[in-house]
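**Student:** Okay, here's the structure, questions in a sec.
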Amino acid sequence: MNAFGLIQIGLILLSTITISSPQCNHLPLQQRKVIENSLQLLDKMGKRFPQQCLREKMSFRFPEQVLKPRQKETVKVAIEEIFQHIFYIFSKNLTLAAWDGTVLEQFQNGLYQQIEQLEACVTKKQSHYIRSKEVKRLKLKKYFQKIDCFLKDRHHNLCSWEISRAEMRRCLQLIDKVVRKLNN
C-alpha cells in the first residue's frame with residue numbers, strides 16, 4: 001500500500017472518531033430521549049393492564065445497586081447490559097402477547113440502536129467494570145432470568161407478558177431516574 005492509501009485510511013479513521021465522539025458526549029441526553037420513547041411505545045404496544053392478570057402479579061425486585069456506581073462510565077455499561085436483556089426478552093415467543101406488532105418492532109429497534117450506541121461509546125476501560133463488578137452483573141442476570149423463567153413457566157401467556165411489560169416499564173423508569181441524576 002502506498003503512502004496516499006495510508007493517508008486516506010487515516011483520514012477515514014480520524015473522521016470516524018470525530019463523528020462518534022460527539023455522539024458519546026451527548027449520550028445521556030440521547031438515552032433520556034430513547035427511554036422516554038421506549039416508555040411511550042410500551043404504553044402504545046398494548047392496552048391497559050388486564051384485570052384478570054391482577055391476581056398473578058409478581059415482584060421481580062430489580063437490583064438497583066447496579067445503577068448506583070459513582071462513575072458515569074460504569075453506569076453506561078450497566079445500562080447497555082440492561083437494554084440487551086430487555087431486547088432479548090422482547091425478541092422471543094411473543095405470539096400470545098396481544099400487542100401491536102408495528103409498535104413492538106419500533107420498541108425493539110429503539111433498544112437495538114441504543115445498544116449499538118452504548119457499545120460504540122464504552123471504552124476498554126469499562127472491561128474493568130465487567131471483571132470487578134461481577135457480583136452486580138450476576139444480580140442483574142438473575143433478575144432477568146427470573147423474568148424469563150416466569151414467562152416460560154406460564155407458557156408465555158397474555159398475563160405473563162403483561163406483567164413483564166409492566167416490569168420493563170419500572171426498569172426503564174429507574175434507568176431514566178439515574179440518567180437524569182448523571183446530567184445534574
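In the C-alpha cells, the first chain shown is A, the next is B, and so on; residue numbers restart at 1 for each chain, and ligands run from 1 in the order shown.
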Might you pull out every residue within 8 Å of A:Val34, with only C-alpha atoms counted and same-chain residues fewer than 2 positions away left off, and present them as a PyMOL selection string?

**Tutor:** chain A and resi 30-32+36-38+110-111+114

**Student:** Between atom CA of A:Cys171 and atom CA of A:Phe107, what is the spacing in Å?

**Tutor:**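 Atom CA of A:Cys171 lies 14.6 Å from atom CA of A:Phe107.
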
**Student:** Let's see if you can do this: from backbone DSSP, list all alpha helix (DSSP H) residues in stretch 28-88 of chain A, as JSON, numbers by chain.

**Tutor:** {"A": [28, 29, 30, 31, 32, 33, 34, 35, 36, 37, 38, 39, 40, 41, 42, 43, 44, 45, 72, 73, 74, 75, 76, 77, 78, 79, 80, 81, 82, 83, 84, 85, 86, 87, 88]}

**Student:** Just the selected residues (N, CA, C and O atoms), exported as a short mmCIF file (atom, residue, chain, number, x, y, z; two decimals), in the first residue's frame, please.

**Tutor:**
data_model
loop_
_atom_site.label_atom_id
_atom_site.label_comp_id
_atom_site.auth_asym_id
_atom_site.auth_seq_id
_atom_site.Cartn_x
_atom_site.Cartn_y
_atom_site.Cartn_z
N PRO A 28 -26.07 10.84 27.39
CA PRO A 28 -27.12 10.91 28.43
C PRO A 28 -28.41 11.54 27.90
O PRO A 28 -29.51 11.06 28.19
N LEU A 29 -28.29 12.60 27.10
CA LEU A 29 -29.48 13.22 26.52
C LEU A 29 -30.17 12.26 25.56
O LEU A 29 -31.39 12.12 25.57
N GLN A 30 -29.38 11.56 24.74
CA GLN A 30 -29.95 10.57 23.82
C GLN A 30 -30.63 9.46 24.59
O GLN A 30 -31.71 9.01 24.21
N GLN A 31 -30.01 9.01 25.68
CA GLN A 31 -30.60 7.94 26.48
C GLN A 31 -31.94 8.37 27.04
O GLN A 31 -32.89 7.60 27.05
N ARG A 32 -32.01 9.60 27.53
CA ARG A 32 -33.28 10.09 28.08
C ARG A 32 -34.36 10.07 27.01
O ARG A 32 -35.50 9.68 27.27
N LYS A 33 -34.01 10.49 25.80
CA LYS A 33 -34.99 10.50 24.70
C LYS A 33 -35.40 9.08 24.34
O LYS A 33 -36.57 8.81 24.10
N VAL A 34 -34.43 8.18 24.27
CA VAL A 34 -34.72 6.79 23.93
C VAL A 34 -35.60 6.15 25.01
O VAL A 34 -36.56 5.44 24.70
N ILE A 35 -35.28 6.42 26.27
CA ILE A 35 -36.06 5.85 27.36
C ILE A 35 -37.48 6.40 27.33
O ILE A 35 -38.45 5.65 27.47
N GLU A 36 -37.60 7.71 27.13
CA GLU A 36 -38.92 8.33 27.04
C GLU A 36 -39.72 7.72 25.89
O GLU A 36 -40.89 7.36 26.05
N ASN A 37 -39.08 7.56 24.75
CA ASN A 37 -39.73 6.95 23.59
C ASN A 37 -40.10 5.49 23.88
O ASN A 37 -41.19 5.04 23.53
N SER A 38 -39.19 4.77 24.52
CA SER A 38 -39.45 3.36 24.84
C SER A 38 -40.64 3.22 25.79
O SER A 38 -41.47 2.32 25.63
N LEU A 39 -40.72 4.12 26.76
CA LEU A 39 -41.86 4.08 27.69
C LEU A 39 -43.18 4.36 26.96
O LEU A 39 -44.19 3.70 27.21
N GLN A 40 -43.15 5.30 26.03
CA GLN A 40 -44.35 5.60 25.24
C GLN A 40 -44.73 4.40 24.38
O GLN A 40 -45.90 4.06 24.26
N LEU A 41 -43.73 3.76 23.78
CA LEU A 41 -44.00 2.60 22.94
C LEU A 41 -44.54 1.42 23.77
O LEU A 41 -45.43 0.71 23.31
N LEU A 42 -44.01 1.25 24.97
CA LEU A 42 -44.54 0.20 25.85
C LEU A 42 -46.02 0.44 26.14
O LEU A 42 -46.81 -0.49 26.19
N ASP A 43 -46.37 1.70 26.34
CA ASP A 43 -47.77 2.04 26.59
C ASP A 43 -48.63 1.79 25.35
O ASP A 43 -49.73 1.24 25.44
N LYS A 44 -48.13 2.20 24.19
CA LYS A 44 -48.87 2.03 22.93
C LYS A 44 -48.99 0.57 22.52
O LYS A 44 -49.95 0.18 21.86
N MET A 45 -47.98 -0.20 22.86
CA MET A 45 -47.87 -1.60 22.44
C MET A 45 -49.11 -2.40 22.80
O MET A 45 -49.63 -3.17 22.00
N LYS A 72 -19.72 7.50 35.81
CA LYS A 72 -20.68 7.54 34.70
C LYS A 72 -20.45 6.38 33.73
O LYS A 72 -21.39 5.80 33.23
N GLU A 73 -19.19 6.07 33.50
CA GLU A 73 -18.86 5.01 32.55
C GLU A 73 -19.40 3.66 33.01
O GLU A 73 -19.85 2.86 32.21
N THR A 74 -19.33 3.42 34.31
CA THR A 74 -19.83 2.17 34.85
C THR A 74 -21.33 2.07 34.68
O THR A 74 -21.88 1.01 34.37
N VAL A 75 -22.02 3.19 34.83
CA VAL A 75 -23.47 3.23 34.65
C VAL A 75 -23.81 2.93 33.18
O VAL A 75 -24.75 2.20 32.89
N LYS A 76 -23.03 3.50 32.26
CA LYS A 76 -23.26 3.24 30.83
C LYS A 76 -23.18 1.75 30.52
O LYS A 76 -24.00 1.21 29.78
N VAL A 77 -22.19 1.09 31.08
CA VAL A 77 -22.02 -0.34 30.85
C VAL A 77 -23.22 -1.11 31.42
O VAL A 77 -23.77 -2.01 30.77
N ALA A 78 -23.66 -0.73 32.62
CA ALA A 78 -24.81 -1.40 33.24
C ALA A 78 -26.07 -1.17 32.41
O ALA A 78 -26.85 -2.11 32.19
N ILE A 79 -26.27 0.05 31.93
CA ILE A 79 -27.46 0.35 31.13
C ILE A 79 -27.43 -0.43 29.82
O ILE A 79 -28.45 -0.97 29.39
N GLU A 80 -26.26 -0.50 29.20
CA GLU A 80 -26.13 -1.29 27.97
C GLU A 80 -26.55 -2.74 28.22
O GLU A 80 -27.31 -3.33 27.45
N GLU A 81 -26.08 -3.29 29.32
CA GLU A 81 -26.41 -4.67 29.65
C GLU A 81 -27.91 -4.85 29.91
O GLU A 81 -28.52 -5.82 29.47
N ILE A 82 -28.51 -3.89 30.59
CA ILE A 82 -29.96 -3.94 30.86
C ILE A 82 -30.73 -3.91 29.55
O ILE A 82 -31.66 -4.69 29.34
N PHE A 83 -30.33 -3.00 28.64
CA PHE A 83 -31.01 -2.92 27.34
C PHE A 83 -30.87 -4.24 26.57
O PHE A 83 -31.81 -4.67 25.90
N GLN A 84 -29.72 -4.87 26.66
CA GLN A 84 -29.53 -6.16 25.98
C GLN A 84 -30.48 -7.21 26.53
O GLN A 84 -31.08 -7.97 25.77
N HIS A 85 -30.64 -7.24 27.85
CA HIS A 85 -31.56 -8.21 28.46
C HIS A 85 -33.01 -7.92 28.06
O HIS A 85 -33.76 -8.85 27.74
N ILE A 86 -33.39 -6.66 28.07
CA ILE A 86 -34.76 -6.30 27.68
C ILE A 86 -34.99 -6.69 26.22
O ILE A 86 -36.03 -7.25 25.87
N PHE A 87 -34.02 -6.39 25.37
CA PHE A 87 -34.13 -6.74 23.95
C PHE A 87 -34.32 -8.25 23.79
O PHE A 87 -35.18 -8.70 23.02
N TYR A 88 -33.55 -9.01 24.53
CA TYR A 88 -33.64 -10.48 24.47
C TYR A 88 -35.04 -10.95 24.87
O TYR A 88 -35.65 -11.77 24.18
#

**Student:** So how many Å separate atom CA of A:Leu138 and atom CA of A:Arg169, to one decimal?

**Tutor:**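 Separating atom CA of A:Leu138 from atom CA of A:Arg169 is a distance of 21.3 Å.
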